[in-house]
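Note: the block below is work-v3.tsv and it holds TSV, C-alpha atoms.
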```tsv
chain	number	residue	atom	x	y	z
R	1	MET	CA	0.00	0.00	0.00
R	2	ARG	CA	1.25	3.48	-0.89
R	3	GLN	CA	1.77	5.78	2.09
R	4	HIS	CA	2.01	9.56	1.88
R	5	ARG	CA	3.25	11.62	4.81
R	6	ILE	CA	1.37	14.90	5.12
R	7	ALA	CA	2.40	17.87	7.27
R	8	ALA	CA	-0.84	19.57	8.29
R	9	ILE	CA	-0.52	23.19	9.43
R	10	PRO	CA	-4.06	24.46	10.15
R	11	ALA	CA	-2.72	27.77	11.60
R	12	ASP	CA	-5.20	30.62	12.09
R	13	GLY	CA	-8.87	31.59	11.99
R	14	ILE	CA	-10.98	29.15	10.01
R	15	GLY	CA	-7.84	27.26	9.02
R	16	PRO	CA	-8.31	24.51	11.64
R	17	GLU	CA	-11.99	24.15	10.70
R	18	VAL	CA	-11.40	23.64	6.98
R	19	ILE	CA	-8.25	21.53	7.40
R	20	ASP	CA	-10.09	19.22	9.81
R	21	ALA	CA	-12.86	18.94	7.21
R	22	GLY	CA	-10.31	18.23	4.48
R	23	LEU	CA	-8.55	15.55	6.50
R	24	GLU	CA	-11.90	13.86	7.22
R	25	VAL	CA	-12.67	13.76	3.51
R	26	LEU	CA	-9.17	12.51	2.68
R	27	GLU	CA	-9.56	9.66	5.17
R	28	ALA	CA	-12.88	8.70	3.54
R	29	LEU	CA	-11.12	8.67	0.16
R	30	ALA	CA	-8.25	6.53	1.42
R	31	ALA	CA	-10.70	4.07	2.97
R	32	ARG	CA	-12.65	3.78	-0.28
R	33	ASP	CA	-9.64	3.57	-2.57
R	34	GLY	CA	-7.73	1.04	-0.50
R	35	GLY	CA	-4.51	1.64	-2.42
R	36	PHE	CA	-3.03	4.39	-0.29
R	37	ARG	CA	-3.04	5.78	3.20
R	38	LEU	CA	-2.09	9.12	4.68
R	39	ALA	CA	0.20	9.55	7.67
R	40	VAL	CA	-0.62	13.02	8.98
R	41	ASP	CA	1.66	15.02	11.26
R	42	ARG	CA	-0.14	18.05	12.69
R	43	PHE	CA	1.74	21.23	13.67
R	44	ASP	CA	0.29	23.98	15.87
R	45	TRP	CA	2.26	26.79	14.26
R	46	GLY	CA	0.62	30.17	13.64
R	47	SER	CA	-0.61	33.18	15.57
R	48	ALA	CA	-1.41	31.28	18.78
R	49	TYR	CA	2.11	29.85	18.68
R	50	TYR	CA	3.44	33.40	18.15
R	51	ARG	CA	1.64	34.68	21.26
R	52	ARG	CA	3.31	31.96	23.32
R	53	HIS	CA	6.79	31.97	21.78
R	54	GLY	CA	7.26	35.25	19.90
R	55	VAL	CA	7.71	33.43	16.57
R	56	MET	CA	5.21	31.91	14.14
R	57	MET	CA	7.05	28.59	13.97
R	58	PRO	CA	10.15	27.09	15.60
R	59	GLN	CA	13.58	27.87	14.25
R	60	ASP	CA	13.95	24.31	12.95
R	61	GLY	CA	10.44	24.32	11.44
R	62	LEU	CA	11.52	23.85	7.84
R	63	ALA	CA	13.85	21.01	8.75
R	64	THR	CA	11.01	19.36	10.68
R	65	ILE	CA	8.65	19.22	7.70
R	66	LYS	CA	11.23	18.82	4.92
R	67	SER	CA	10.73	15.05	4.78
R	68	ALA	CA	6.95	15.34	4.25
R	69	ASP	CA	5.52	14.35	0.87
R	70	ALA	CA	3.23	17.40	0.92
R	71	ILE	CA	2.10	20.21	3.20
R	72	TYR	CA	-1.61	20.86	3.83
R	73	PHE	CA	-1.92	24.47	5.00
R	74	GLY	CA	-4.95	26.29	6.42
R	75	ALA	CA	-4.65	30.07	6.68
R	76	VAL	CA	-2.47	32.65	8.37
R	77	GLY	CA	-3.29	36.02	9.91
R	78	ALA	CA	-4.81	37.44	13.09
R	79	PRO	CA	-6.45	40.79	13.92
R	80	ASP	CA	-4.05	41.51	16.81
R	81	ILE	CA	-0.81	40.71	14.97
R	82	PRO	CA	0.49	42.78	12.03
R	83	ASP	CA	0.05	40.95	8.72
R	84	HIS	CA	3.69	41.30	7.75
R	85	ILE	CA	4.65	39.35	10.88
R	86	THR	CA	2.22	36.50	10.32
R	87	LEU	CA	2.87	36.19	6.58
R	88	TRP	CA	6.65	36.51	6.71
R	89	GLY	CA	6.80	34.40	9.84
R	90	LEU	CA	5.13	31.28	8.46
R	91	ARG	CA	3.75	31.02	4.94
R	92	LEU	CA	6.42	32.86	2.97
R	93	PRO	CA	9.38	31.17	4.72
R	94	ILE	CA	7.88	27.82	3.69
R	95	CYS	CA	7.27	28.94	0.09
R	96	GLN	CA	10.70	30.50	-0.30
R	97	GLY	CA	12.61	28.02	1.85
R	98	PHE	CA	11.32	25.12	-0.22
R	99	ASP	CA	11.57	27.06	-3.50
R	100	GLN	CA	7.88	26.56	-4.29
R	101	TYR	CA	8.22	28.91	-7.21
R	102	ALA	CA	5.04	27.97	-9.06
R	103	ASN	CA	1.77	28.98	-7.45
R	104	VAL	CA	-1.04	27.24	-9.32
R	105	ARG	CA	-4.64	28.43	-9.00
R	106	PRO	CA	-7.39	26.72	-11.01
R	107	THR	CA	-10.70	28.56	-11.30
R	108	ARG	CA	-14.05	27.36	-12.61
R	109	ILE	CA	-17.70	27.71	-11.73
R	110	LEU	CA	-18.82	24.59	-9.91
R	111	PRO	CA	-22.31	23.16	-10.45
R	112	GLY	CA	-24.89	24.75	-8.17
R	113	ILE	CA	-22.85	27.91	-7.58
R	114	THR	CA	-23.93	31.21	-9.10
R	115	SER	CA	-21.29	33.49	-10.56
R	116	PRO	CA	-21.72	37.26	-10.26
R	117	LEU	CA	-20.96	37.38	-13.99
R	118	ARG	CA	-24.18	37.84	-15.91
R	119	ASN	CA	-25.33	34.64	-17.63
R	120	ALA	CA	-22.13	32.80	-16.72
R	121	GLY	CA	-22.37	29.17	-15.70
R	122	PRO	CA	-20.27	25.98	-15.51
R	123	GLY	CA	-17.96	25.81	-18.52
R	124	ASP	CA	-18.00	29.54	-19.21
R	125	LEU	CA	-15.13	30.24	-16.83
R	126	ASP	CA	-12.38	27.63	-16.78
R	127	TRP	CA	-8.99	29.16	-16.05
R	128	LEU	CA	-5.62	28.15	-14.71
R	129	ILE	CA	-3.63	31.02	-13.22
R	130	VAL	CA	0.11	30.47	-12.72
R	131	ARG	CA	1.71	32.88	-10.27
R	132	GLU	CA	5.45	33.42	-9.98
R	133	ASN	CA	5.92	32.61	-6.31
R	134	SER	CA	9.54	33.27	-5.39
R	135	GLU	CA	10.57	36.80	-6.36
R	136	GLY	CA	9.06	39.81	-8.15
R	137	GLU	CA	7.23	42.29	-5.96
R	138	TYR	CA	7.31	40.00	-2.90
R	139	SER	CA	11.06	39.52	-2.76
R	140	GLY	CA	11.27	41.17	0.62
R	141	HIS	CA	14.05	43.55	-0.39
R	142	GLY	CA	13.98	47.20	0.57
R	143	GLY	CA	13.87	49.12	3.81
R	144	ARG	CA	12.93	52.23	5.74
R	145	ALA	CA	15.08	55.14	6.80
R	146	HIS	CA	14.56	58.28	8.94
R	147	ARG	CA	11.64	56.64	10.74
R	148	GLY	CA	9.14	59.06	12.21
R	149	LEU	CA	10.66	62.10	10.53
R	150	PRO	CA	9.05	64.12	7.72
R	151	GLU	CA	11.67	62.80	5.31
R	152	GLU	CA	11.01	59.14	6.19
R	153	VAL	CA	11.36	56.89	3.16
R	154	GLY	CA	10.31	53.32	2.48
R	155	THR	CA	11.53	51.30	-0.48
R	156	GLU	CA	10.09	48.04	-1.80
R	157	VAL	CA	12.31	46.50	-4.47
R	158	ALA	CA	10.81	44.14	-7.03
R	159	ILE	CA	13.40	41.65	-8.20
R	160	PHE	CA	13.18	39.78	-11.50
R	161	THR	CA	15.92	37.32	-12.38
R	162	ARG	CA	16.39	35.60	-15.71
R	163	VAL	CA	16.30	32.16	-14.09
R	164	GLY	CA	13.20	33.05	-12.08
R	165	VAL	CA	11.26	34.44	-15.03
R	166	GLU	CA	12.31	31.73	-17.47
R	167	ARG	CA	11.38	28.86	-15.18
R	168	ILE	CA	7.89	30.21	-14.44
R	169	MET	CA	7.33	30.88	-18.15
R	170	ARG	CA	8.35	27.33	-19.03
R	171	PHE	CA	6.09	25.97	-16.30
R	172	ALA	CA	3.16	28.06	-17.57
R	173	PHE	CA	3.64	27.13	-21.23
R	174	ALA	CA	3.90	23.45	-20.24
R	175	ALA	CA	0.72	23.77	-18.16
R	176	ALA	CA	-1.10	25.40	-21.07
R	177	ARG	CA	0.08	22.61	-23.38
R	178	LYS	CA	-1.69	20.03	-21.17
R	179	ARG	CA	-5.04	21.81	-21.42
R	180	ALA	CA	-7.49	21.39	-24.27
R	181	ARG	CA	-7.24	24.91	-25.65
R	182	LYS	CA	-3.43	25.16	-25.38
R	183	HIS	CA	-3.54	28.94	-24.97
R	184	LEU	CA	-1.53	31.13	-22.59
R	185	THR	CA	-1.97	34.79	-21.70
R	186	VAL	CA	1.15	36.49	-20.36
R	187	VAL	CA	0.19	39.34	-18.03
R	188	THR	CA	2.55	42.31	-17.91
R	189	LYS	CA	2.87	46.01	-17.09
R	190	SER	CA	5.86	46.80	-19.26
R	191	ASN	CA	4.39	50.08	-20.48
R	192	ALA	CA	5.04	51.58	-17.03
R	193	GLN	CA	7.57	49.21	-15.44
R	194	ARG	CA	10.30	49.47	-18.04
R	195	HIS	CA	13.02	47.26	-16.61
R	196	GLY	CA	11.92	44.05	-14.89
R	197	MET	CA	8.64	43.78	-16.79
R	198	VAL	CA	10.29	44.44	-20.16
R	199	MET	CA	12.66	41.57	-19.38
R	200	TRP	CA	9.58	39.52	-18.42
R	201	ASP	CA	8.09	40.17	-21.88
R	202	GLU	CA	11.33	39.38	-23.70
R	203	ILE	CA	11.80	36.06	-21.90
R	204	ALA	CA	8.18	35.12	-22.61
R	205	THR	CA	8.85	35.59	-26.32
R	206	LEU	CA	11.98	33.47	-26.17
R	207	VAL	CA	10.31	30.64	-24.25
R	208	ALA	CA	7.28	30.68	-26.55
R	209	ALA	CA	9.51	29.54	-29.41
R	210	ASP	CA	10.00	26.22	-27.63
R	211	PHE	CA	6.23	25.65	-27.45
R	212	PRO	CA	5.03	26.05	-31.04
R	213	ASP	CA	1.85	24.10	-30.28
R	214	VAL	CA	0.77	26.66	-27.66
R	215	THR	CA	-0.80	29.91	-28.83
R	216	TRP	CA	-0.23	32.91	-26.61
R	217	ASP	CA	-1.00	36.58	-26.21
R	218	LYS	CA	0.09	39.39	-23.92
R	219	GLU	CA	-2.15	41.61	-21.77
R	220	LEU	CA	-1.49	44.57	-19.50
R	221	VAL	CA	-2.61	43.75	-15.97
R	222	ASP	CA	-5.21	46.52	-15.79
R	223	ALA	CA	-6.68	45.46	-19.13
R	224	MET	CA	-6.66	41.86	-17.87
R	225	THR	CA	-9.13	42.72	-15.10
R	226	MET	CA	-11.57	44.03	-17.71
R	227	ARG	CA	-11.03	40.99	-19.92
R	228	MET	CA	-11.72	38.62	-17.02
R	229	VAL	CA	-15.06	40.30	-16.41
R	230	GLY	CA	-16.05	41.15	-19.99
R	231	LYS	CA	-14.58	38.29	-22.04
R	232	PRO	CA	-14.05	35.33	-19.69
R	233	ARG	CA	-14.28	32.77	-22.50
R	234	SER	CA	-11.20	34.31	-24.16
R	235	ILE	CA	-9.02	33.17	-21.25
R	236	ASP	CA	-7.54	29.74	-20.62
R	237	THR	CA	-4.13	29.67	-18.90
R	238	VAL	CA	-2.57	32.80	-17.39
R	239	VAL	CA	0.91	33.58	-16.09
R	240	ALA	CA	1.65	36.69	-14.04
R	241	THR	CA	4.06	38.08	-11.47
R	242	ASN	CA	3.81	37.48	-7.76
R	243	LEU	CA	1.74	40.62	-7.11
R	244	HIS	CA	-0.30	40.69	-10.29
R	245	ALA	CA	-1.36	37.05	-10.04
R	246	ASP	CA	-2.14	37.45	-6.35
R	247	ILE	CA	-4.70	40.12	-7.21
R	248	LEU	CA	-6.02	38.52	-10.40
R	249	SER	CA	-6.57	35.14	-8.77
R	250	ASP	CA	-8.70	36.70	-6.02
R	251	LEU	CA	-10.78	38.39	-8.71
R	252	ALA	CA	-11.04	35.04	-10.47
R	253	ALA	CA	-12.26	33.36	-7.28
R	254	ALA	CA	-14.87	36.05	-6.74
R	255	LEU	CA	-16.09	35.65	-10.33
R	256	ALA	CA	-16.39	31.90	-9.73
R	257	GLY	CA	-18.68	32.57	-6.80
R	258	SER	CA	-16.60	32.90	-3.64
R	259	LEU	CA	-13.10	32.87	-2.20
R	260	GLY	CA	-14.45	29.92	-0.23
R	261	VAL	CA	-14.22	27.62	-3.25
R	262	ALA	CA	-10.75	28.62	-4.52
R	263	PRO	CA	-7.73	26.30	-4.11
R	264	THR	CA	-4.04	26.78	-4.69
R	265	GLY	CA	-0.85	24.79	-4.82
R	266	ASN	CA	2.61	26.17	-4.03
R	267	VAL	CA	4.70	23.81	-6.10
R	268	ASP	CA	8.35	22.91	-6.43
R	269	PRO	CA	8.16	21.39	-9.93
R	270	GLN	CA	11.56	19.70	-9.48
R	271	ARG	CA	10.25	17.95	-6.34
R	272	ARG	CA	13.39	18.67	-4.36
R	273	PHE	CA	11.19	19.79	-1.47
R	274	PRO	CA	7.58	19.21	-0.39
R	275	SER	CA	4.97	21.33	-2.13
R	276	MET	CA	2.30	23.12	-0.09
R	277	PHE	CA	-1.44	23.16	-0.81
R	278	GLU	CA	-3.85	25.67	0.71
R	279	PRO	CA	-7.22	27.32	0.18
R	280	ILE	CA	-6.79	30.98	-0.73
R	281	HIS	CA	-9.58	32.44	1.43
R	282	GLY	CA	-7.45	33.54	4.37
R	283	SER	CA	-8.14	33.25	8.08
R	284	ALA	CA	-11.61	34.93	7.96
R	285	PHE	CA	-11.81	35.77	11.66
R	286	ASP	CA	-15.26	37.29	11.14
R	287	ILE	CA	-16.73	33.78	10.83
R	288	THR	CA	-14.23	31.80	12.89
R	289	GLY	CA	-15.95	29.41	15.27
R	290	LYS	CA	-19.40	29.89	13.76
R	291	GLY	CA	-19.32	26.58	11.95
R	292	ILE	CA	-20.15	28.08	8.55
R	293	ALA	CA	-16.72	28.22	6.90
R	294	ASN	CA	-16.84	26.90	3.35
R	295	PRO	CA	-14.72	23.71	3.16
R	296	VAL	CA	-14.96	23.38	-0.64
R	297	ALA	CA	-11.68	25.26	-1.21
R	298	SER	CA	-9.90	22.91	1.20
R	299	PHE	CA	-11.44	19.90	-0.60
R	300	TRP	CA	-10.35	21.17	-4.02
R	301	THR	CA	-6.94	21.92	-2.53
R	302	ALA	CA	-6.81	18.34	-1.23
R	303	ALA	CA	-7.61	17.09	-4.74
R	304	MET	CA	-4.68	19.10	-6.10
R	305	MET	CA	-2.46	17.59	-3.41
R	306	LEU	CA	-3.61	14.08	-4.34
R	307	GLU	CA	-2.80	14.73	-8.01
R	308	HIS	CA	0.66	15.92	-6.99
R	309	LEU	CA	1.12	12.69	-5.02
R	310	GLY	CA	0.12	10.61	-8.04
R	311	GLU	CA	-3.31	9.64	-6.69
R	312	ASP	CA	-5.23	10.82	-9.75
R	313	ARG	CA	-8.13	8.42	-9.30
R	314	ALA	CA	-8.76	9.60	-5.74
R	315	ALA	CA	-8.47	13.24	-6.82
R	316	THR	CA	-11.10	12.71	-9.51
R	317	ALA	CA	-13.39	10.93	-7.06
R	318	LEU	CA	-13.08	13.82	-4.62
R	319	MET	CA	-13.93	16.50	-7.18
R	320	THR	CA	-16.85	14.40	-8.48
R	321	ALA	CA	-18.20	14.22	-4.93
R	322	VAL	CA	-17.73	17.95	-4.38
R	323	GLU	CA	-19.55	18.80	-7.62
R	324	GLN	CA	-22.36	16.39	-6.74
R	325	VAL	CA	-22.83	18.01	-3.32
R	326	CYS	CA	-22.73	21.55	-4.72
R	327	ALA	CA	-25.20	20.65	-7.48
R	328	ALA	CA	-27.53	19.24	-4.81
R	329	GLY	CA	-27.61	22.66	-3.15
R	330	ILE	CA	-25.70	21.71	-0.01
R	331	LEU	CA	-23.87	25.02	0.25
R	332	THR	CA	-22.52	27.29	2.97
R	333	PRO	CA	-23.86	30.87	3.37
R	334	ASP	CA	-21.04	32.52	1.38
R	335	ILE	CA	-22.42	30.91	-1.79
R	336	GLY	CA	-26.08	31.31	-1.00
R	337	GLY	CA	-26.77	28.20	1.07
R	338	LYS	CA	-27.63	27.42	4.68
R	339	ALA	CA	-25.46	24.40	5.33
R	340	THR	CA	-22.76	24.26	8.00
R	341	THR	CA	-19.17	23.21	7.49
R	342	LYS	CA	-19.91	19.84	9.06
R	343	GLU	CA	-23.00	19.28	6.91
R	344	VAL	CA	-21.08	19.93	3.69
R	345	THR	CA	-18.24	17.71	4.90
R	346	ARG	CA	-20.62	14.89	5.82
R	347	ALA	CA	-22.35	15.14	2.43
R	348	VAL	CA	-19.05	14.94	0.56
R	349	CYS	CA	-17.96	11.93	2.63
R	350	GLU	CA	-21.28	10.21	1.86
R	351	ALA	CA	-20.87	10.97	-1.83
R	352	ILE	CA	-17.37	9.47	-1.74
R	353	LYS	CA	-18.73	6.33	-0.11
R	354	GLY	CA	-21.36	6.08	-2.83
R	355	SER	CA	-24.38	7.24	-0.86
R	356	ASN	CA	-27.08	9.32	-2.49
R	357	VAL	CA	-26.76	13.04	-1.87
R	358	ALA	CA	-29.99	14.93	-1.22
R	359	ALA	CA	-30.46	18.65	-0.74
```
This entry written out as structure tokens:
Amino acid sequence: MRQHRIAAIPADGIGPEVIDAGLEVLEALAARDGGFRLAVDRFDWGSAYYRRHGVMMPQDGLATIKSADAIYFGAVGAPDIPDHITLWGLRLPICQGFDQYANVRPTRILPGITSPLRNAGPGDLDWLIVRENSEGEYSGHGGRAHRGLPEEVGTEVAIFTRVGVERIMRFAFAAARKRARKHLTVVTKSNAQRHGMVMWDEIATLVAADFPDVTWDKELVDAMTMRMVGKPRSIDTVVATNLHADILSDLAAALAGSLGVAPTGNVDPQRRFPSMFEPIHGSAFDITGKGIANPVASFWTAAMMLEHLGEDRAATALMTAVEQVCAAGILTPDIGGKATTKEVTRAVCEAIKGSNVAA
């Protein structure tokens, strides 16, 4: 029997609620499949850990989880701790420390979920957004001087390297090649950012020559927001910088119905280190503990993790169950339903086991 070791880091807010739901569904899948099992190591890192120890995770945190086959991450952030402390104390050190340079965010409208786009339904929005995840605008370089004085200055340096841009372009073109339409849109802002983004454009052109079977176009990031809303069917696969894709993928999730259904994978394509899979909705402290957090994003995220682990059959079974439950109208309040987190989780588990799902 195949065994996969998973490092579960539920972290903050609704993170523990949706990760618990995801692990319950994963156990139901493993029991049904019979060909694999999951060995889960749970880590209590996050804001509560920070309040006790002054750090978001232990100094040897990365070494502790380096041997995992994958990381299943909840959410990070707390109202009483500055965001730059929580983000740079936990999530980004994992992404950068394990060189998870490809952030992959699929987006589509699931059955039973209504998109805010007029007349849009399942099949009308089916995108894959690839986000450069290691440098760009989130490199962490810069500083502040003359603090508190009128002449105080803060600098935030975006760093684009040839190796960093080329590898994300190759990953994106290869991802587009695997999809039916084989089309990639390269998002840029080279009309205003005339150094790093011009290099971004030039490398995209060079890499495109190695993928003659993939058609591609280029779009300024501001124009891309309009295209996503006005011409969603013109989009298939997208590649953008760390900042641009961060923003565009949240817009994509909203257009698909809710941040509560949006998954992501932080991937090391060379598999030198474990990749990390997480829902993109954040810690959502406004609904923490109310039992209404949408677990669909964590389920979809779990399906991505299973695909990464080579368990394609289980991943397909999971997404089939999720779509069946959504189509039956078993939805949390963020997407117009009245179901609780536990009710959605129970329905998905029943669908996995082959039970009938009723609204």
Please provide as a PDB file with C-alpha atoms, in the coordinates of the input all residues within 10 Å of Ala253 in chain R, with the sequence filter that same-chain residues fewer than 5 positions apart are discarded (counting all atoms listed in the file).
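And here is the file that came out, part-v1.pdb:
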```
ATOM      1  CA  ARG R 105      -4.640  28.430  -9.000  1.00  0.00           C
ATOM      2  CA  PRO R 106      -7.390  26.720 -11.010  1.00  0.00           C
ATOM      3  CA  THR R 107     -10.700  28.560 -11.300  1.00  0.00           C
ATOM      4  CA  ARG R 108     -14.050  27.360 -12.610  1.00  0.00           C
ATOM      5  CA  ILE R 109     -17.700  27.710 -11.730  1.00  0.00           C
ATOM      6  CA  SER R 115     -21.290  33.490 -10.560  1.00  0.00           C
ATOM      7  CA  LEU R 248      -6.020  38.520 -10.400  1.00  0.00           C
ATOM      8  CA  SER R 258     -16.600  32.900  -3.640  1.00  0.00           C
ATOM      9  CA  LEU R 259     -13.100  32.870  -2.200  1.00  0.00           C
ATOM     10  CA  GLY R 260     -14.450  29.920  -0.230  1.00  0.00           C
ATOM     11  CA  VAL R 261     -14.220  27.620  -3.250  1.00  0.00           C
ATOM     12  CA  ALA R 262     -10.750  28.620  -4.520  1.00  0.00           C
ATOM     13  CA  PRO R 263      -7.730  26.300  -4.110  1.00  0.00           C
ATOM     14  CA  ILE R 280      -6.790  30.980  -0.730  1.00  0.00           C
ATOM     15  CA  HIS R 281      -9.580  32.440   1.430  1.00  0.00           C
TER      16      HIS R 281
END
```
Please determine the residues with any atom at most 12 Å from (10.9, 32.1, -17.5) (coordinates as given in the file, with only C-alpha atoms counting) and report them as a PyMOL selection string.
-> chain R and resi 101-102+130-132+160-174+186+197+199-208+210+239-241
Show me a table, sorted first by chain and then by increasing residue number, of the residues of range 56-129 of chain R having an atom at most 9 Å from range 309-325 of chain R, each with its shortest atom pair and the distance in Å to one decimal, counting all atoms listed in the file and written as a tab-separated table.
```
residue	atom	partner	partner_atom	distance
R:Asp69	CA	R:Leu309	CA	7.5
R:Ala70	CA	R:Leu309	CA	7.9
R:Leu110	CA	R:Glu323	CA	6.3
R:Pro111	CA	R:Glu323	CA	5.9
R:Gly112	CA	R:Glu323	CA	8.0
```
Which polymer residues have any atom within 9 Å of an atom of Asp217 in chain R, counting all atoms listed in the file, with same-chain residues fewer than 5 positions away left out, as a VMD selection string?
-> chain R and resid 183 to 187
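Across R:Arg118, R:Arg52, R:Arg37, R:Arg42, the tightest approach to Gly257 in chain R is made by R:Arg118 when counting all atoms listed in the file.
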How would range 180-197 of chain R look written as an mmCIF file, in the first residue's frame with C-alpha atoms?
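Saved file part-v6.cif follows:
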```
data_model
loop_
_atom_site.group_PDB
_atom_site.id
_atom_site.type_symbol
_atom_site.label_atom_id
_atom_site.label_comp_id
_atom_site.auth_asym_id
_atom_site.auth_seq_id
_atom_site.Cartn_x
_atom_site.Cartn_y
_atom_site.Cartn_z
ATOM 1 C CA ALA R 180 -7.487 21.387 -24.265
ATOM 2 C CA ARG R 181 -7.236 24.914 -25.648
ATOM 3 C CA LYS R 182 -3.427 25.163 -25.376
ATOM 4 C CA HIS R 183 -3.536 28.935 -24.973
ATOM 5 C CA LEU R 184 -1.530 31.127 -22.588
ATOM 6 C CA THR R 185 -1.975 34.793 -21.699
ATOM 7 C CA VAL R 186 1.146 36.495 -20.362
ATOM 8 C CA VAL R 187 0.190 39.345 -18.032
ATOM 9 C CA THR R 188 2.550 42.310 -17.907
ATOM 10 C CA LYS R 189 2.865 46.006 -17.087
ATOM 11 C CA SER R 190 5.855 46.795 -19.258
ATOM 12 C CA ASN R 191 4.388 50.084 -20.481
ATOM 13 C CA ALA R 192 5.040 51.580 -17.028
ATOM 14 C CA GLN R 193 7.573 49.211 -15.436
ATOM 15 C CA ARG R 194 10.300 49.469 -18.036
ATOM 16 C CA HIS R 195 13.016 47.257 -16.606
ATOM 17 C CA GLY R 196 11.925 44.048 -14.893
ATOM 18 C CA MET R 197 8.641 43.781 -16.786
#
```
